[in-house]
Structure formats: C-alpha cells, structure tokens
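Visitor: mmCIF, C-alpha atoms, file data23.cif:
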```cif
data_final
#
loop_
_atom_site.group_PDB
_atom_site.id
_atom_site.type_symbol
_atom_site.label_atom_id
_atom_site.label_comp_id
_atom_site.auth_asym_id
_atom_site.auth_seq_id
_atom_site.Cartn_x
_atom_site.Cartn_y
_atom_site.Cartn_z
ATOM 1 C CA MET A 12 96.563 -41.989 -14.092
ATOM 2 C CA SER A 13 98.389 -39.755 -11.621
ATOM 3 C CA LEU A 14 100.088 -36.530 -12.536
ATOM 4 C CA THR A 15 103.805 -36.740 -13.243
ATOM 5 C CA ALA A 16 106.143 -33.858 -12.423
ATOM 6 C CA LYS A 17 106.086 -33.074 -16.151
ATOM 7 C CA ASP A 18 102.266 -32.947 -16.216
ATOM 8 C CA MET A 19 102.279 -30.531 -13.267
ATOM 9 C CA SER A 20 104.803 -28.177 -14.821
ATOM 10 C CA VAL A 21 103.092 -28.300 -18.253
ATOM 11 C CA VAL A 22 99.695 -27.476 -16.713
ATOM 12 C CA LYS A 23 101.125 -24.683 -14.547
ATOM 13 C CA ALA A 24 102.928 -23.173 -17.533
ATOM 14 C CA PHE A 25 99.861 -23.343 -19.785
ATOM 15 C CA TRP A 26 97.571 -21.936 -17.095
ATOM 16 C CA GLY A 27 100.080 -19.127 -16.528
ATOM 17 C CA LYS A 28 99.895 -18.413 -20.243
ATOM 18 C CA ILE A 29 96.079 -18.308 -20.073
ATOM 19 C CA GLY A 30 96.391 -15.622 -17.394
ATOM 20 C CA SER A 31 93.525 -13.166 -17.368
ATOM 21 C CA LYS A 32 91.729 -15.029 -20.176
ATOM 22 C CA ALA A 33 90.722 -17.676 -17.643
ATOM 23 C CA ASP A 34 87.343 -16.019 -17.016
ATOM 24 C CA ASP A 35 86.560 -15.905 -20.753
ATOM 25 C CA ILE A 36 87.583 -19.528 -21.150
ATOM 26 C CA GLY A 37 85.451 -20.471 -18.152
ATOM 27 C CA ALA A 38 82.423 -18.657 -19.568
ATOM 28 C CA GLU A 39 82.965 -20.249 -22.955
ATOM 29 C CA ALA A 40 83.324 -23.740 -21.460
ATOM 30 C CA PHE A 41 80.326 -23.479 -19.164
ATOM 31 C CA GLY A 42 78.110 -22.001 -21.891
ATOM 32 C CA ARG A 43 79.118 -24.741 -24.315
ATOM 33 C CA MET A 44 78.439 -27.432 -21.719
ATOM 34 C CA LEU A 45 74.866 -26.170 -21.260
ATOM 35 C CA THR A 46 74.323 -25.919 -25.026
ATOM 36 C CA VAL A 47 75.973 -29.122 -26.232
ATOM 37 C CA TYR A 48 74.871 -31.290 -23.275
ATOM 38 C CA PRO A 49 71.397 -29.968 -22.419
ATOM 39 C CA GLN A 50 70.936 -32.544 -19.658
ATOM 40 C CA THR A 51 73.394 -30.475 -17.568
ATOM 41 C CA LYS A 52 70.810 -27.699 -17.403
ATOM 42 C CA THR A 53 68.902 -29.669 -14.775
ATOM 43 C CA TYR A 54 71.291 -28.412 -12.111
ATOM 44 C CA PHE A 55 70.473 -24.804 -12.971
ATOM 45 C CA SER A 56 66.731 -24.997 -13.532
ATOM 46 C CA HIS A 57 66.267 -22.172 -11.013
ATOM 47 C CA TRP A 58 68.037 -19.696 -13.311
ATOM 48 C CA ALA A 59 66.067 -17.449 -15.640
ATOM 49 C CA ASP A 60 68.502 -17.450 -18.553
ATOM 50 C CA LEU A 61 70.661 -20.455 -19.449
ATOM 51 C CA SER A 62 71.932 -19.129 -22.778
ATOM 52 C CA PRO A 63 75.744 -19.041 -23.249
ATOM 53 C CA GLY A 64 76.206 -15.274 -22.875
ATOM 54 C CA SER A 65 73.822 -14.667 -19.970
ATOM 55 C CA ALA A 66 74.901 -12.800 -16.848
ATOM 56 C CA GLN A 67 74.100 -15.732 -14.561
ATOM 57 C CA VAL A 68 76.063 -18.160 -16.724
ATOM 58 C CA LYS A 69 79.080 -15.839 -16.869
ATOM 59 C CA LYS A 70 78.987 -15.194 -13.132
ATOM 60 C CA HIS A 71 78.871 -18.855 -12.211
ATOM 61 C CA ALA A 72 81.512 -19.737 -14.791
ATOM 62 C CA LYS A 73 83.830 -17.330 -13.006
ATOM 63 C CA VAL A 74 83.297 -19.207 -9.748
ATOM 64 C CA ILE A 75 84.036 -22.532 -11.425
ATOM 65 C CA ILE A 76 87.134 -21.430 -13.319
ATOM 66 C CA GLY A 77 88.378 -19.675 -10.181
ATOM 67 C CA ALA A 78 88.248 -23.034 -8.418
ATOM 68 C CA VAL A 79 90.121 -24.669 -11.311
ATOM 69 C CA SER A 80 92.824 -21.960 -11.166
ATOM 70 C CA ASP A 81 93.093 -22.567 -7.441
ATOM 71 C CA ALA A 82 93.494 -26.274 -8.088
ATOM 72 C CA VAL A 83 96.326 -25.515 -10.540
ATOM 73 C CA ALA A 84 98.056 -23.497 -7.822
ATOM 74 C CA HIS A 85 97.787 -26.517 -5.504
ATOM 75 C CA ILE A 86 98.419 -29.109 -8.170
ATOM 76 C CA ASP A 87 100.811 -31.094 -5.979
ATOM 77 C CA ASP A 88 98.102 -31.761 -3.387
ATOM 78 C CA LEU A 89 94.738 -31.831 -5.104
ATOM 79 C CA PRO A 90 92.943 -34.047 -2.549
ATOM 80 C CA THR A 91 93.559 -31.527 0.253
ATOM 81 C CA ALA A 92 92.878 -28.503 -1.948
ATOM 82 C CA LEU A 93 89.548 -29.923 -3.162
ATOM 83 C CA SER A 94 88.353 -31.505 0.056
ATOM 84 C CA GLN A 95 85.821 -28.813 0.956
ATOM 85 C CA LEU A 96 84.502 -28.478 -2.583
ATOM 86 C CA SER A 97 84.092 -32.237 -2.676
ATOM 87 C CA GLU A 98 81.981 -32.088 0.466
ATOM 88 C CA VAL A 99 79.763 -29.387 -1.098
ATOM 89 C CA HIS A 100 79.288 -31.345 -4.332
ATOM 90 C CA ALA A 101 78.594 -34.595 -2.504
ATOM 91 C CA SER A 102 76.196 -33.522 0.202
ATOM 92 C CA LYS A 103 74.638 -30.320 -1.070
ATOM 93 C CA LEU A 104 74.832 -30.077 -4.874
ATOM 94 C CA ARG A 105 74.824 -33.803 -5.627
ATOM 95 C CA VAL A 106 76.062 -33.331 -9.179
ATOM 96 C CA ASP A 107 76.406 -36.682 -10.913
ATOM 97 C CA PRO A 108 80.197 -37.086 -11.258
ATOM 98 C CA ALA A 109 79.771 -38.107 -14.914
ATOM 99 C CA ASN A 110 79.213 -34.419 -15.589
ATOM 100 C CA PHE A 111 82.730 -33.507 -14.477
ATOM 101 C CA LYS A 112 84.010 -35.250 -17.597
ATOM 102 C CA ILE A 113 81.597 -33.255 -19.727
ATOM 103 C CA LEU A 114 82.720 -29.927 -18.284
ATOM 104 C CA ALA A 115 86.366 -30.994 -18.613
ATOM 105 C CA HIS A 116 85.869 -31.656 -22.330
ATOM 106 C CA ASN A 117 84.405 -28.186 -22.814
ATOM 107 C CA ILE A 118 87.185 -26.518 -20.807
ATOM 108 C CA ILE A 119 89.624 -28.233 -23.158
ATOM 109 C CA VAL A 120 87.690 -27.132 -26.275
ATOM 110 C CA ALA A 121 87.582 -23.520 -25.022
ATOM 111 C CA ALA A 122 91.254 -23.467 -23.973
ATOM 112 C CA ALA A 123 92.266 -24.945 -27.358
ATOM 113 C CA MET A 124 90.242 -22.341 -29.228
ATOM 114 C CA TYR A 125 91.661 -19.411 -27.266
ATOM 115 C CA PHE A 126 95.265 -20.630 -27.411
ATOM 116 C CA PRO A 127 95.507 -22.715 -30.586
ATOM 117 C CA ALA A 128 99.276 -22.467 -30.964
ATOM 118 C CA ASP A 129 100.001 -23.305 -27.329
ATOM 119 C CA PHE A 130 97.534 -26.168 -27.053
ATOM 120 C CA THR A 131 99.944 -28.780 -28.394
ATOM 121 C CA PRO A 132 99.237 -32.515 -27.994
ATOM 122 C CA GLU A 133 101.616 -32.519 -24.986
ATOM 123 C CA VAL A 134 99.631 -29.758 -23.275
ATOM 124 C CA HIS A 135 96.420 -31.551 -24.262
ATOM 125 C CA VAL A 136 97.336 -34.819 -22.564
ATOM 126 C CA SER A 137 98.572 -33.115 -19.366
ATOM 127 C CA LEU A 138 95.517 -30.871 -19.099
ATOM 128 C CA ASP A 139 93.225 -33.854 -19.753
ATOM 129 C CA LYS A 140 94.965 -35.813 -16.966
ATOM 130 C CA PHE A 141 94.799 -32.810 -14.611
ATOM 131 C CA LEU A 142 91.061 -32.340 -15.145
ATOM 132 C CA GLN A 143 90.518 -36.068 -14.676
ATOM 133 C CA ASN A 144 92.408 -35.938 -11.353
ATOM 134 C CA LEU A 145 90.448 -32.845 -10.353
ATOM 135 C CA ALA A 146 87.198 -34.683 -11.087
ATOM 136 C CA TRP A 147 88.346 -37.685 -9.100
ATOM 137 C CA CYS A 148 89.164 -35.507 -6.053
ATOM 138 C CA LEU A 149 85.857 -33.670 -6.427
ATOM 139 C CA ALA A 150 83.996 -36.979 -6.246
ATOM 140 C CA GLU A 151 86.034 -38.182 -3.241
ATOM 141 C CA ARG A 152 83.368 -37.511 -0.608
ATOM 142 C CA TYR A 153 80.439 -38.950 -2.590
ATOM 143 C CA ARG A 154 80.448 -42.354 -0.906
ATOM 144 C CA MET B 17 66.052 -42.563 -37.873
ATOM 145 C CA VAL B 18 68.179 -39.521 -37.159
ATOM 146 C CA GLU B 19 66.629 -36.242 -38.206
ATOM 147 C CA TRP B 20 68.597 -33.205 -39.239
ATOM 148 C CA SER B 21 67.095 -29.740 -39.404
ATOM 149 C CA ASP B 22 67.936 -27.355 -42.273
ATOM 150 C CA ALA B 23 70.054 -25.352 -39.834
ATOM 151 C CA GLU B 24 72.011 -28.486 -38.883
ATOM 152 C CA HIS B 25 72.512 -29.433 -42.530
ATOM 153 C CA SER B 26 73.936 -26.045 -43.351
ATOM 154 C CA ALA B 27 76.068 -25.856 -40.183
ATOM 155 C CA ILE B 28 77.703 -29.175 -41.073
ATOM 156 C CA SER B 29 78.248 -28.144 -44.726
ATOM 157 C CA GLU B 30 79.805 -24.916 -43.620
ATOM 158 C CA VAL B 31 82.171 -26.559 -41.146
ATOM 159 C CA TRP B 32 83.112 -29.326 -43.570
ATOM 160 C CA GLY B 33 83.801 -26.780 -46.295
ATOM 161 C CA LYS B 34 86.406 -25.110 -44.102
ATOM 162 C CA LEU B 35 88.308 -28.291 -43.257
ATOM 163 C CA HIS B 36 91.119 -29.992 -45.164
ATOM 164 C CA ILE B 37 90.864 -33.745 -44.689
ATOM 165 C CA ASP B 38 94.610 -34.135 -45.178
ATOM 166 C CA GLU B 39 95.311 -31.708 -42.361
ATOM 167 C CA ILE B 40 92.586 -32.517 -39.843
ATOM 168 C CA GLY B 41 92.741 -36.319 -40.118
ATOM 169 C CA PRO B 42 96.403 -36.747 -39.141
ATOM 170 C CA GLN B 43 96.060 -34.142 -36.359
ATOM 171 C CA ALA B 44 93.038 -35.838 -34.810
ATOM 172 C CA LEU B 45 94.470 -39.348 -35.011
ATOM 173 C CA GLY B 46 97.794 -38.105 -33.670
ATOM 174 C CA ARG B 47 96.094 -36.513 -30.674
ATOM 175 C CA LEU B 48 94.110 -39.709 -30.028
ATOM 176 C CA LEU B 49 97.302 -41.765 -29.853
ATOM 177 C CA ILE B 50 99.073 -39.191 -27.652
ATOM 178 C CA VAL B 51 96.259 -38.193 -25.282
ATOM 179 C CA TYR B 52 94.790 -41.713 -24.949
ATOM 180 C CA PRO B 53 97.847 -43.955 -25.382
ATOM 181 C CA TRP B 54 95.920 -47.201 -24.840
ATOM 182 C CA THR B 55 94.419 -46.656 -28.287
ATOM 183 C CA GLN B 56 97.850 -47.506 -29.692
ATOM 184 C CA ARG B 57 96.924 -51.158 -29.157
ATOM 185 C CA TYR B 58 95.005 -51.080 -32.445
ATOM 186 C CA PHE B 59 97.987 -49.852 -34.437
ATOM 187 C CA GLY B 60 100.694 -52.407 -33.709
ATOM 188 C CA SER B 61 101.913 -52.335 -37.314
ATOM 189 C CA PHE B 62 102.451 -48.578 -37.416
ATOM 190 C CA GLY B 63 106.055 -48.595 -36.202
ATOM 191 C CA ASP B 64 107.397 -45.934 -33.853
ATOM 192 C CA LEU B 65 104.684 -44.516 -31.566
ATOM 193 C CA SER B 66 107.023 -44.090 -28.609
ATOM 194 C CA SER B 67 106.678 -40.315 -28.173
ATOM 195 C CA ALA B 68 104.469 -37.402 -29.209
ATOM 196 C CA ALA B 69 107.114 -36.367 -31.744
ATOM 197 C CA ALA B 70 107.329 -39.895 -33.156
ATOM 198 C CA ILE B 71 103.534 -40.118 -33.473
ATOM 199 C CA LEU B 72 103.192 -36.714 -35.132
ATOM 200 C CA GLY B 73 105.989 -37.536 -37.581
ATOM 201 C CA ASN B 74 104.821 -41.085 -38.333
ATOM 202 C CA PRO B 75 103.782 -41.426 -42.003
ATOM 203 C CA LYS B 76 101.433 -44.355 -41.274
ATOM 204 C CA VAL B 77 99.569 -42.281 -38.676
ATOM 205 C CA SER B 78 99.305 -39.455 -41.158
ATOM 206 C CA SER B 79 98.041 -41.627 -43.962
ATOM 207 C CA HIS B 80 95.550 -43.447 -41.741
ATOM 208 C CA GLY B 81 94.271 -40.116 -40.425
ATOM 209 C CA LYS B 82 93.385 -39.236 -44.014
ATOM 210 C CA VAL B 83 91.574 -42.578 -44.458
ATOM 211 C CA VAL B 84 89.476 -41.930 -41.331
ATOM 212 C CA LEU B 85 88.484 -38.438 -42.473
ATOM 213 C CA GLY B 86 87.726 -39.792 -45.941
ATOM 214 C CA ALA B 87 85.193 -42.089 -44.279
ATOM 215 C CA LEU B 88 83.747 -39.145 -42.317
ATOM 216 C CA ASP B 89 83.290 -37.368 -45.647
ATOM 217 C CA LYS B 90 80.923 -40.189 -46.669
ATOM 218 C CA ALA B 91 78.867 -39.586 -43.515
ATOM 219 C CA VAL B 92 78.728 -35.836 -44.188
ATOM 220 C CA LYS B 93 77.506 -36.519 -47.735
ATOM 221 C CA ASN B 94 74.886 -39.064 -46.528
ATOM 222 C CA LEU B 95 73.547 -37.491 -43.337
ATOM 223 C CA GLU B 96 70.106 -39.073 -43.738
ATOM 224 C CA ASN B 97 71.580 -42.538 -43.995
ATOM 225 C CA ILE B 98 74.735 -42.797 -41.933
ATOM 226 C CA LYS B 99 73.899 -46.160 -40.410
ATOM 227 C CA ALA B 100 73.526 -47.835 -43.806
ATOM 228 C CA THR B 101 76.525 -45.980 -45.245
ATOM 229 C CA TYR B 102 78.684 -47.321 -42.399
ATOM 230 C CA SER B 103 77.383 -50.881 -42.405
ATOM 231 C CA ASN B 104 80.606 -52.392 -43.802
ATOM 232 C CA LEU B 105 82.806 -50.130 -41.676
ATOM 233 C CA SER B 106 80.880 -51.213 -38.600
ATOM 234 C CA GLN B 107 81.423 -54.845 -39.497
ATOM 235 C CA LEU B 108 85.126 -54.172 -39.918
ATOM 236 C CA HIS B 109 85.534 -52.295 -36.606
ATOM 237 C CA CYS B 110 83.336 -54.588 -34.534
ATOM 238 C CA ASP B 111 83.824 -58.056 -35.976
ATOM 239 C CA LYS B 112 87.353 -57.890 -37.346
ATOM 240 C CA LEU B 113 89.262 -55.167 -35.482
ATOM 241 C CA ASN B 114 87.317 -55.603 -32.205
ATOM 242 C CA VAL B 115 87.603 -51.926 -31.332
ATOM 243 C CA ASP B 116 86.151 -50.965 -27.934
ATOM 244 C CA PRO B 117 83.320 -48.590 -28.944
ATOM 245 C CA ASP B 118 84.339 -46.093 -26.272
ATOM 246 C CA ASN B 119 87.319 -45.315 -28.499
ATOM 247 C CA PHE B 120 84.989 -43.863 -31.144
ATOM 248 C CA ARG B 121 83.938 -41.258 -28.570
ATOM 249 C CA LEU B 122 87.578 -40.513 -27.740
ATOM 250 C CA LEU B 123 88.447 -39.954 -31.411
ATOM 251 C CA ALA B 124 85.305 -37.855 -31.820
ATOM 252 C CA ASP B 125 86.429 -35.655 -28.909
ATOM 253 C CA CYS B 126 89.889 -35.247 -30.470
ATOM 254 C CA LEU B 127 88.260 -34.322 -33.791
ATOM 255 C CA THR B 128 86.033 -31.760 -32.064
ATOM 256 C CA ILE B 129 89.077 -30.141 -30.468
ATOM 257 C CA VAL B 130 91.062 -30.083 -33.718
ATOM 258 C CA VAL B 131 88.079 -28.578 -35.568
ATOM 259 C CA GLY B 132 87.627 -25.994 -32.795
ATOM 260 C CA ILE B 133 91.285 -25.008 -33.084
ATOM 261 C CA LYS B 134 90.992 -24.720 -36.873
ATOM 262 C CA LEU B 135 87.716 -22.792 -36.989
ATOM 263 C CA GLY B 136 88.221 -20.523 -33.958
ATOM 264 C CA ALA B 137 85.335 -18.184 -33.202
ATOM 265 C CA SER B 138 83.144 -19.558 -35.999
ATOM 266 C CA PHE B 139 82.942 -22.809 -34.008
ATOM 267 C CA SER B 140 80.159 -21.343 -31.898
ATOM 268 C CA PRO B 141 78.398 -23.324 -29.136
ATOM 269 C CA GLN B 142 75.519 -24.042 -31.538
ATOM 270 C CA VAL B 143 77.893 -25.268 -34.235
ATOM 271 C CA GLN B 144 79.718 -27.399 -31.652
ATOM 272 C CA CYS B 145 76.346 -28.849 -30.647
ATOM 273 C CA THR B 146 75.538 -29.862 -34.240
ATOM 274 C CA TRP B 147 79.056 -31.165 -34.849
ATOM 275 C CA GLN B 148 78.938 -33.328 -31.711
ATOM 276 C CA LYS B 149 75.545 -34.664 -32.812
ATOM 277 C CA LEU B 150 77.224 -35.785 -36.039
ATOM 278 C CA MET B 151 80.032 -37.357 -34.010
ATOM 279 C CA ALA B 152 77.536 -39.218 -31.819
ATOM 280 C CA VAL B 153 75.587 -40.512 -34.839
ATOM 281 C CA VAL B 154 78.783 -41.683 -36.540
ATOM 282 C CA ALA B 155 79.978 -43.418 -33.356
ATOM 283 C CA ALA B 156 76.608 -45.134 -32.957
ATOM 284 C CA ALA B 157 76.675 -46.289 -36.591
ATOM 285 C CA LEU B 158 80.186 -47.699 -36.154
ATOM 286 C CA SER B 159 79.157 -49.506 -32.966
ATOM 287 C CA SER B 160 75.945 -50.880 -34.446
ATOM 288 C CA ARG B 161 77.319 -54.364 -35.124
ATOM 289 C CA TYR B 162 77.891 -54.869 -31.407
ATOM 290 C CA PHE B 163 74.183 -54.716 -30.630
#
```
Show me, as structure tokens, the structure contained in the file I just sent.

Guide:
Amino acid sequence: MSLTAKDMSVVKAFWGKIGSKADDIGAEAFGRMLTVYPQTKTYFSHWADLSPGSAQVKKHAKVIIGAVSDAVAHIDDLPTALSQLSEVHASKLRVDPANFKILAHNIIVAAAMYFPADFTPEVHVSLDKFLQNLAWCLAERYR
Amino acid sequence: MVEWSDAEHSAISEVWGKLHIDEIGPQALGRLLIVYPWTQRYFGSFGDLSSAAAILGNPKVSSHGKVVLGALDKAVKNLENIKATYSNLSQLHCDKLNVDPDNFRLLADCLTIVVGIKLGASFSPQVQCTWQKLMAVVAAALSSRYF
C-alpha cells in the first residue's frame, strides 16, 4: 500500500499543522502504548518509572517523535531515510515489528485527540498508510 | 470469564454516558470504510462508496453505523456476559456473513479514535485501556463461532 502523491502532501500538511505539539503528541502516544499494551513495557524494563507522565517516558517519546518528524520530511524516500534506524532496531534493539503497529495506533489516537477538527477521515487514511510504510522500512533490515 | 473491576465498570459507564450512538456509529463505520477500503466488500448493497464524501454522506452507512452501536450498547449493559449476549450476532457474522475476524479489530480501532476525538482529555490512558479491553472482549465474542 504505497504512498500516493496525495498521501504525501496530506501527511506533510497535517504534520506541519501539528508543529510544536509534536512532542506532546509523542509523549501522549508513547505513554498510552505502555498503558494500553503492557507487553510493550518489556523493552523498557531497565527504566525506573514507566507511568505515562514520567521524565524517562517523555524524554524517549521525544526521540521517537523526532524520528517520525524526520521521516515526514523525507517522505518521498523513506527506505533511505530509515535505513540506519532499521539497522539499530534489527541488530541492537530487536523490537518485534508487531509493536510498530501498536505504536502507530497510539500516535493516531493522540494526533486525533489533539487536532480533532483536522483529523478528517482523509487525513486518517493517509497517516495510517504513512505509519505503515514507516514500520515496513523500519523492519527492512530484520532478515 | 472476563472480569471487570469496579473502576472499569464506572469508566465504561462514564464514557458510554458521554456518547451519542447516532453520532458515533456512523462516524466509526464511515472511517472503517475509508481507512480500510477492503472492508467495503461486506457492504455491496450500500450503493455509492466510491469516495470519502460519498461514504460519509451515504444514508445506508449512517443507518448501519447506528445498528452497530446499538449492538455495542447491549454489550455495555451486559459486561459480565458479553459472550452469551453476542451468541446470535456471532453466528450471523461468522456463519452467514463470513466476516474476517481481523475486521472486528479494525472497526474497534476506528471506534477508539472516534471516541478519543469526542471525549478529548477525559479519554485518559487508563480510560483508553479499559475501553480497548471492552473492544477486545466484544471482538472475541463476535469471533467465537469460528473456534
């Protein structure tokens, strides 16, 4: 399900609208993922505090959403843009790729809640496709 | 047997009390058909589903959205016994309509998003957790005839 030119422009426009709220959305999404899908906590068992508002959660969420923003900026060549991150996830972090879908769902929930009027069904489908493509590129180096 | 704590009971009541079936149902079903277009295969008799605008304006989509949420109301009012409550619905979806059970999860995700949009900040992570538990239980009950 590759991204059409329309998907790319819709995602870029929506992400532009999100602007500085990206960090809040990231924190919200990551916190919700850990709460609603407790099995995802296994990757962070070395952290002291896994509650949604914790400093560690917020800090790491910023890293993640920063990478997503970067992917938006390079939306016309995601495989190249995500190549290094894919290597890290495959060889070092070894996150089960099924979890990318889980985080994507929570990014969508958070984005929808922060921008209810802008998160139309058209934006929804394009963002869903974008996150799916991002996940696919992130899993590229796994095997 | 699914167990619900007092906190979960009251979280679900509170969320449900804030929702209008007639509003949420059509929105969720509309999003399902737009975001996951392969689900349109189950609605061949609904007429024009050719664009997002057509889907959102389609009266059959709207009316069926209300039917779906009406059924969810039964689950909300029978939390201790969702599997039995949905026995006939499961037969219908599995044996007659032959719906791929993964679609129940897709609709549940669309519902979660629509509810999140409606409730805003009061849809906290803990409330989302309880709501998604309800969604998972309902999906399992609907799929039960397949197993």

Visitor: With 12 Å as the limit and counting all atoms listed in the file, what residues in chain B lie close to chain A? Please list them as number ranges by chain.

Guide: B: 43-54, 67-69, 71-72, 121-122, 124-150, 152

Visitor: Using only C-alpha atoms, determine which residues lie at most 12 Å from A:Val99, disregarding the query and same-chain residues fewer than 6 positions distant; provide the list as a ChimeraX atom specification.

Guide: /A:93,105-106,149-153

Visitor: Since we have the selection now, will you write its residues out, keeping C-alpha atoms, as a compact mmCIF listing (two decimals), keeping the file's coordinate frame?

Guide:
```txt
# COMPACT_ATOMS: atom_id res chain seq x y z
CA LEU A 93 89.55 -29.92 -3.16
CA ARG A 105 74.82 -33.80 -5.63
CA VAL A 106 76.06 -33.33 -9.18
CA LEU A 149 85.86 -33.67 -6.43
CA ALA A 150 84.00 -36.98 -6.25
CA GLU A 151 86.03 -38.18 -3.24
CA ARG A 152 83.37 -37.51 -0.61
CA TYR A 153 80.44 -38.95 -2.59
```

Visitor: Of the candidates B:Ile28, B:Leu35, B:Val154, B:Ala70, which one gets nearest to B:Leu105 if we count all atoms listed in the file?

Guide: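 Among the listed residues, the smallest separation from B:Leu105 belongs to B:Val154.
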
Visitor: So, counting all atoms listed in the file, which residue among A:Asp81, A:Leu96, A:Trp147, A:Lys103 is closest to A:Gly27?

Guide: A:Asp81

Visitor: Take the PyMOL selection byres ((chain B and resi 96) around 8), run it mentally on this structure, and tell me the resulting residues as a list in words.

Guide: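 Residues picked by the PyMOL selection byres ((chain B and resi 96) around 8): Met17, Val18, Glu19, Trp20, Asn94, Leu95, Asn97 and Ile98 of chain B.
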
Visitor: Quick one: apply the PyMOL selection byres ((chain A and resi 107) around 12) to the file and drop the selected residues here as a short mmCIF file (atom, residue, chain, number, x, y, z; two decimals) with C-alpha atoms, in the frame of the given file.

Guide:
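And here is the file that came out, result-v3.cif:
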```cif
data_model
loop_
_atom_site.label_atom_id
_atom_site.label_comp_id
_atom_site.auth_asym_id
_atom_site.auth_seq_id
_atom_site.Cartn_x
_atom_site.Cartn_y
_atom_site.Cartn_z
CA GLN A 50 70.94 -32.54 -19.66
CA THR A 51 73.39 -30.48 -17.57
CA THR A 53 68.90 -29.67 -14.78
CA TYR A 54 71.29 -28.41 -12.11
CA HIS A 100 79.29 -31.34 -4.33
CA ALA A 101 78.59 -34.60 -2.50
CA SER A 102 76.20 -33.52 0.20
CA LYS A 103 74.64 -30.32 -1.07
CA LEU A 104 74.83 -30.08 -4.87
CA ARG A 105 74.82 -33.80 -5.63
CA VAL A 106 76.06 -33.33 -9.18
CA PRO A 108 80.20 -37.09 -11.26
CA ALA A 109 79.77 -38.11 -14.91
CA ASN A 110 79.21 -34.42 -15.59
CA PHE A 111 82.73 -33.51 -14.48
CA LYS A 112 84.01 -35.25 -17.60
CA ILE A 113 81.60 -33.26 -19.73
CA LEU A 114 82.72 -29.93 -18.28
CA ALA A 146 87.20 -34.68 -11.09
CA LEU A 149 85.86 -33.67 -6.43
CA ALA A 150 84.00 -36.98 -6.25
CA TYR A 153 80.44 -38.95 -2.59
#
```

Visitor: Generate the coordinates of N, CA and C atoms for stretch 88-102 of chain B; report them as a short mmCIF file (atom, residue, chain, number, x, y, z; two decimals), keeping the file's coordinate frame.

Guide:
```
data_model
loop_
_atom_site.label_atom_id
_atom_site.label_comp_id
_atom_site.auth_asym_id
_atom_site.auth_seq_id
_atom_site.Cartn_x
_atom_site.Cartn_y
_atom_site.Cartn_z
N LEU B 88 84.65 -40.14 -42.91
CA LEU B 88 83.75 -39.15 -42.32
C LEU B 88 83.09 -38.31 -43.42
N ASP B 89 83.82 -38.10 -44.49
CA ASP B 89 83.29 -37.37 -45.65
C ASP B 89 82.04 -38.07 -46.17
N LYS B 90 82.08 -39.41 -46.20
CA LYS B 90 80.92 -40.19 -46.67
C LYS B 90 79.71 -39.94 -45.76
N ALA B 91 79.97 -39.84 -44.46
CA ALA B 91 78.87 -39.59 -43.52
C ALA B 91 78.28 -38.20 -43.77
N VAL B 92 79.17 -37.21 -43.96
CA VAL B 92 78.73 -35.84 -44.19
C VAL B 92 77.88 -35.75 -45.45
N LYS B 93 78.24 -36.56 -46.47
CA LYS B 93 77.51 -36.52 -47.74
C LYS B 93 76.25 -37.41 -47.71
N ASN B 94 76.05 -38.18 -46.64
CA ASN B 94 74.89 -39.06 -46.53
C ASN B 94 74.25 -38.96 -45.16
N LEU B 95 74.01 -37.71 -44.71
CA LEU B 95 73.55 -37.49 -43.34
C LEU B 95 72.27 -38.27 -43.01
N GLU B 96 71.39 -38.42 -44.02
CA GLU B 96 70.11 -39.07 -43.74
C GLU B 96 70.26 -40.57 -43.56
N ASN B 97 71.45 -41.09 -43.90
CA ASN B 97 71.58 -42.54 -44.00
C ASN B 97 72.93 -43.06 -43.50
N ILE B 98 73.38 -42.47 -42.39
CA ILE B 98 74.74 -42.80 -41.93
C ILE B 98 74.85 -44.26 -41.53
N LYS B 99 73.82 -44.77 -40.89
CA LYS B 99 73.90 -46.16 -40.41
C LYS B 99 74.13 -47.14 -41.57
N ALA B 100 73.37 -46.95 -42.65
CA ALA B 100 73.53 -47.84 -43.81
C ALA B 100 74.87 -47.60 -44.48
N THR B 101 75.25 -46.34 -44.61
CA THR B 101 76.53 -45.98 -45.24
C THR B 101 77.69 -46.65 -44.53
N TYR B 102 77.58 -46.79 -43.20
CA TYR B 102 78.68 -47.32 -42.40
C TYR B 102 78.56 -48.81 -42.09
#
```
